[in-house]
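Source file: start-v5.pdb. Holds: PDB, C-alpha atoms, pLDDT in the B column.
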```
ATOM      1  CA  MET A 142      96.999  80.437  78.566  1.00 74.00           C
ATOM      2  CA  VAL A 143      95.412  78.667  75.613  1.00 84.00           C
ATOM      3  CA  ASN A 144      97.398  76.268  73.467  1.00 84.00           C
ATOM      4  CA  LEU A 145      96.417  74.302  70.417  1.00 86.00           C
ATOM      5  CA  TYR A 146      97.662  70.750  69.893  1.00 85.00           C
ATOM      6  CA  GLN A 147      97.217  68.479  66.915  1.00 83.00           C
ATOM      7  CA  LYS A 148      94.628  65.821  67.635  1.00 80.00           C
ATOM      8  CA  ASP A 149      97.131  62.987  67.156  1.00 82.00           C
ATOM      9  CA  LYS A 150      99.748  64.533  69.473  1.00 84.00           C
ATOM     10  CA  PRO A 151      99.624  63.077  72.983  1.00 84.00           C
ATOM     11  CA  PHE A 152      98.728  65.501  75.740  1.00 82.00           C
ATOM     12  CA  TYR A 153      98.569  64.653  79.413  1.00 82.00           C
ATOM     13  CA  PRO A 154      96.597  67.265  81.332  1.00 79.00           C
ATOM     14  CA  THR A 155      97.377  67.951  84.972  1.00 78.00           C
ATOM     15  CA  ASP A 156      95.258  69.535  87.670  1.00 73.00           C
ATOM     16  CA  HIS A 157      96.409  72.918  86.321  1.00 73.00           C
ATOM     17  CA  CYS A 158      95.144  72.454  82.780  1.00 76.00           C
ATOM     18  CA  GLY A 159      92.403  70.808  80.829  1.00 77.00           C
ATOM     19  CA  VAL A 160      91.470  69.705  77.358  1.00 81.00           C
ATOM     20  CA  LEU A 161      88.719  70.974  75.130  1.00 84.00           C
ATOM     21  CA  ARG A 162      88.140  69.135  71.888  1.00 85.00           C
ATOM     22  CA  VAL A 163      86.312  70.639  68.932  1.00 89.00           C
ATOM     23  CA  LEU A 164      84.086  67.859  67.641  1.00 89.00           C
ATOM     24  CA  THR A 165      82.324  69.674  64.813  1.00 91.00           C
ATOM     25  CA  ASP A 166      83.352  70.721  61.322  1.00 92.00           C
ATOM     26  CA  LYS A 167      81.470  74.000  61.821  1.00 95.00           C
ATOM     27  CA  ALA A 168      84.119  75.418  64.173  1.00 94.00           C
ATOM     28  CA  HIS A 169      87.823  75.694  63.360  1.00 94.00           C
ATOM     29  CA  PRO A 170      89.936  74.608  66.375  1.00 93.00           C
ATOM     30  CA  ARG A 171      92.305  77.581  66.019  1.00 93.00           C
ATOM     31  CA  TYR A 172      89.351  79.948  65.911  1.00 94.00           C
ATOM     32  CA  VAL A 173      87.855  78.374  69.047  1.00 93.00           C
ATOM     33  CA  ALA A 174      91.237  78.590  70.808  1.00 92.00           C
ATOM     34  CA  ARG A 175      91.515  82.274  69.930  1.00 91.00           C
ATOM     35  CA  MET A 176      87.983  82.992  71.132  1.00 91.00           C
ATOM     36  CA  LEU A 177      88.657  81.164  74.405  1.00 90.00           C
ATOM     37  CA  GLU A 178      91.801  83.196  74.898  1.00 89.00           C
ATOM     38  CA  VAL A 179      89.942  86.463  74.298  1.00 90.00           C
ATOM     39  CA  GLU A 180      87.017  85.492  76.533  1.00 90.00           C
ATOM     40  CA  GLY A 181      89.384  84.286  79.252  1.00 88.00           C
ATOM     41  CA  ARG A 182      91.201  87.618  79.207  1.00 89.00           C
ATOM     42  CA  GLN A 183      87.882  89.458  79.486  1.00 90.00           C
ATOM     43  CA  MET A 184      86.902  87.265  82.443  1.00 89.00           C
ATOM     44  CA  GLY A 185      90.240  88.043  84.092  1.00 90.00           C
ATOM     45  CA  PHE A 186      91.701  84.547  84.044  1.00 88.00           C
ATOM     46  CA  SER A 187      95.259  84.518  85.358  1.00 84.00           C
ATOM     47  CA  ARG A 188      97.588  82.406  87.455  1.00 80.00           C
ATOM     48  CA  SER A 189      95.741  83.575  90.556  1.00 84.00           C
ATOM     49  CA  TYR A 190      92.221  83.497  89.033  1.00 87.00           C
ATOM     50  CA  ARG A 191      92.200  80.107  87.363  1.00 83.00           C
ATOM     51  CA  ALA A 192      89.986  79.018  84.497  1.00 82.00           C
ATOM     52  CA  SER A 193      88.161  76.345  86.502  1.00 81.00           C
ATOM     53  CA  ILE A 194      85.636  73.998  84.923  1.00 81.00           C
ATOM     54  CA  ASP A 195      82.783  76.027  86.415  1.00 84.00           C
ATOM     55  CA  ARG A 196      84.189  79.290  85.070  1.00 86.00           C
ATOM     56  CA  VAL A 197      84.913  77.889  81.615  1.00 84.00           C
ATOM     57  CA  GLU A 198      81.409  76.437  81.443  1.00 85.00           C
ATOM     58  CA  GLY A 199      80.159  80.016  81.716  1.00 84.00           C
ATOM     59  CA  ILE A 200      81.867  81.005  78.469  1.00 87.00           C
ATOM     60  CA  SER A 201      79.754  81.091  75.347  1.00 87.00           C
ATOM     61  CA  PHE A 202      80.306  82.604  71.943  1.00 88.00           C
ATOM     62  CA  SER A 203      78.962  82.147  68.460  1.00 90.00           C
ATOM     63  CA  VAL A 204      81.112  81.356  65.466  1.00 93.00           C
ATOM     64  CA  PRO A 205      80.705  82.675  61.934  1.00 96.00           C
ATOM     65  CA  ASP A 206      80.549  80.443  58.889  1.00 96.00           C
ATOM     66  CA  ILE A 207      83.547  78.083  58.639  1.00 97.00           C
ATOM     67  CA  GLU A 208      84.838  79.863  55.517  1.00 96.00           C
ATOM     68  CA  ILE A 209      84.989  83.158  57.406  1.00 96.00           C
ATOM     69  CA  GLN A 210      86.805  81.391  60.244  1.00 96.00           C
ATOM     70  CA  LYS A 211      89.318  79.949  57.767  1.00 96.00           C
ATOM     71  CA  GLU A 212      89.963  83.420  56.303  1.00 96.00           C
ATOM     72  CA  PHE A 213      90.552  84.745  59.807  1.00 94.00           C
ATOM     73  CA  ILE A 214      92.935  81.884  60.611  1.00 95.00           C
ATOM     74  CA  ASP A 215      94.850  82.340  57.340  1.00 96.00           C
ATOM     75  CA  LYS A 216      95.366  86.036  58.114  1.00 96.00           C
ATOM     76  CA  THR A 217      96.315  85.202  61.693  1.00 93.00           C
ATOM     77  CA  ILE A 218      98.954  82.699  60.545  1.00 94.00           C
ATOM     78  CA  VAL A 219     100.513  85.301  58.248  1.00 97.00           C
ATOM     79  CA  LEU A 220     100.644  87.820  61.113  1.00 96.00           C
ATOM     80  CA  GLU A 221     102.085  85.233  63.525  1.00 94.00           C
ATOM     81  CA  GLN A 222     104.821  84.427  61.001  1.00 96.00           C
ATOM     82  CA  GLU A 223     105.635  88.133  60.632  1.00 97.00           C
ATOM     83  CA  ILE A 224     105.767  88.513  64.427  1.00 96.00           C
ATOM     84  CA  SER A 225     108.090  85.519  64.672  1.00 95.00           C
ATOM     85  CA  LYS A 226     110.444  86.973  62.051  1.00 95.00           C
ATOM     86  CA  LEU A 227     110.493  90.329  63.859  1.00 95.00           C
ATOM     87  CA  GLU A 228     111.173  88.621  67.195  1.00 95.00           C
ATOM     88  CA  ASP A 229     114.088  86.752  65.604  1.00 93.00           C
ATOM     89  CA  LYS A 230     115.369  90.054  64.266  1.00 94.00           C
ATOM     90  CA  LEU A 231     115.173  91.565  67.757  1.00 93.00           C
ATOM     91  CA  ILE A 232     117.130  88.643  69.201  1.00 92.00           C
ATOM     92  CA  ASN A 233     119.788  89.051  66.523  1.00 92.00           C
ATOM     93  CA  LEU A 234     119.988  92.796  67.145  1.00 93.00           C
ATOM     94  CA  ASP A 235     120.339  92.181  70.871  1.00 90.00           C
ATOM     95  CA  LYS A 236     123.209  89.749  70.209  1.00 91.00           C
ATOM     96  CA  LYS A 237     124.882  92.264  67.902  1.00 92.00           C
ATOM     97  CA  LYS A 238     124.492  94.965  70.527  1.00 91.00           C
ATOM     98  CA  SER A 239     126.033  92.719  73.193  1.00 91.00           C
ATOM     99  CA  ASN A 240     128.926  91.810  70.905  1.00 90.00           C
ATOM    100  CA  LEU A 241     129.539  95.450  70.100  1.00 90.00           C
ATOM    101  CA  LEU A 242     129.493  96.440  73.769  1.00 90.00           C
ATOM    102  CA  GLU A 243     131.899  93.626  74.630  1.00 88.00           C
ATOM    103  CA  GLU A 244     134.208  94.694  71.812  1.00 88.00           C
ATOM    104  CA  TYR A 245     134.433  98.280  73.044  1.00 88.00           C
ATOM    105  CA  ILE A 246     134.360  97.605  76.789  1.00 86.00           C
ATOM    106  CA  ILE A 247     136.987  94.859  76.826  1.00 68.00           C
TER     107      ILE A 247
END
```

Would you write the structure of this file as structure tokens?
Amino acid sequence: MVNLYQKDKPFYPTDHCGVLRVLTDKAHPRYVARMLEVEGRQMGFSRSYRASIDRVEGISFSVPDIEIQKEFIDKTIVLEQEISKLEDKLINLDKKKSNLLEEYII
């Protein structure tokens, strides 16, 4: 339920979403997004229990030194890329399975 957009990319929030901007160099935006996602999960945010302004205002967390955050983000990016490759592999395997089934059923 948390997305990260580049600061120069237009974003038009609706009544179902909001925008939080990181205005300090001491907090990495991806790190803040990840922490918000984790905290939101712990608070039980969902489609039925929305992350209202009042509820989000109740979230607080500290951040480590920016270099530690960058290390965390670098490792996270590597893992996300690996996950993406594995998901692509699963899609390809599913297509192969479907093709094989069609070949033998038809």

Here's a test: counting only C-alpha atoms, identify every protein, DNA and RNA residue with an atom at most 7 Å from (95.0, 75.9, 86.8) in the file's coordinate frame, and state them as a compact mmCIF listing (two decimals) with C-alpha atoms, in the coordinates of the input.
```
# COMPACT_ATOMS: atom_id res chain seq x y z
CA ASP A 156 95.26 69.54 87.67
CA HIS A 157 96.41 72.92 86.32
CA CYS A 158 95.14 72.45 82.78
CA ARG A 191 92.20 80.11 87.36
CA ALA A 192 89.99 79.02 84.50
CA SER A 193 88.16 76.34 86.50
```

Quiz item: Can you tell me, as a PyMOL selection string, what residues are no more than 8 Å from Ala168 (chain A) when counting only C-alpha atoms, ignoring any on the same chain fewer than 6 positions away?
Solution: chain A and resi 204+207+210

Self-check item: Distance of CA of Val143 (chain A) from CA of Phe186 (chain A), expressed in Å to one decimal place
Solution: 10.9 Å

Exercise. Tell me, as number ranges by chain, which residues lie within 12 Å of region 213-216 of chain A, counting all atoms listed in the file; anything in the same chain fewer than 2 positions away does not count.
Key: A: 168-176, 204-211, 218-223

Dump of C-alpha atoms for the selected residues, as a short mmCIF file (atom, residue, chain, number, x, y, z; two decimals), in the frame of the given file:
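What ended up in again_2.cif:
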```
data_model
loop_
_atom_site.label_atom_id
_atom_site.label_comp_id
_atom_site.auth_asym_id
_atom_site.auth_seq_id
_atom_site.Cartn_x
_atom_site.Cartn_y
_atom_site.Cartn_z
CA ALA A 168 84.12 75.42 64.17
CA HIS A 169 87.82 75.69 63.36
CA PRO A 170 89.94 74.61 66.38
CA ARG A 171 92.30 77.58 66.02
CA TYR A 172 89.35 79.95 65.91
CA VAL A 173 87.86 78.37 69.05
CA ALA A 174 91.24 78.59 70.81
CA ARG A 175 91.52 82.27 69.93
CA MET A 176 87.98 82.99 71.13
CA VAL A 204 81.11 81.36 65.47
CA PRO A 205 80.70 82.68 61.93
CA ASP A 206 80.55 80.44 58.89
CA ILE A 207 83.55 78.08 58.64
CA GLU A 208 84.84 79.86 55.52
CA ILE A 209 84.99 83.16 57.41
CA GLN A 210 86.80 81.39 60.24
CA LYS A 211 89.32 79.95 57.77
CA ILE A 218 98.95 82.70 60.54
CA VAL A 219 100.51 85.30 58.25
CA LEU A 220 100.64 87.82 61.11
CA GLU A 221 102.08 85.23 63.52
CA GLN A 222 104.82 84.43 61.00
CA GLU A 223 105.64 88.13 60.63
#
```

Quiz item: What is the CA of Val197 (chain A)-CA of Asp149 (chain A) distance in Å, reported with one decimal?
Solution: 24.1 Å
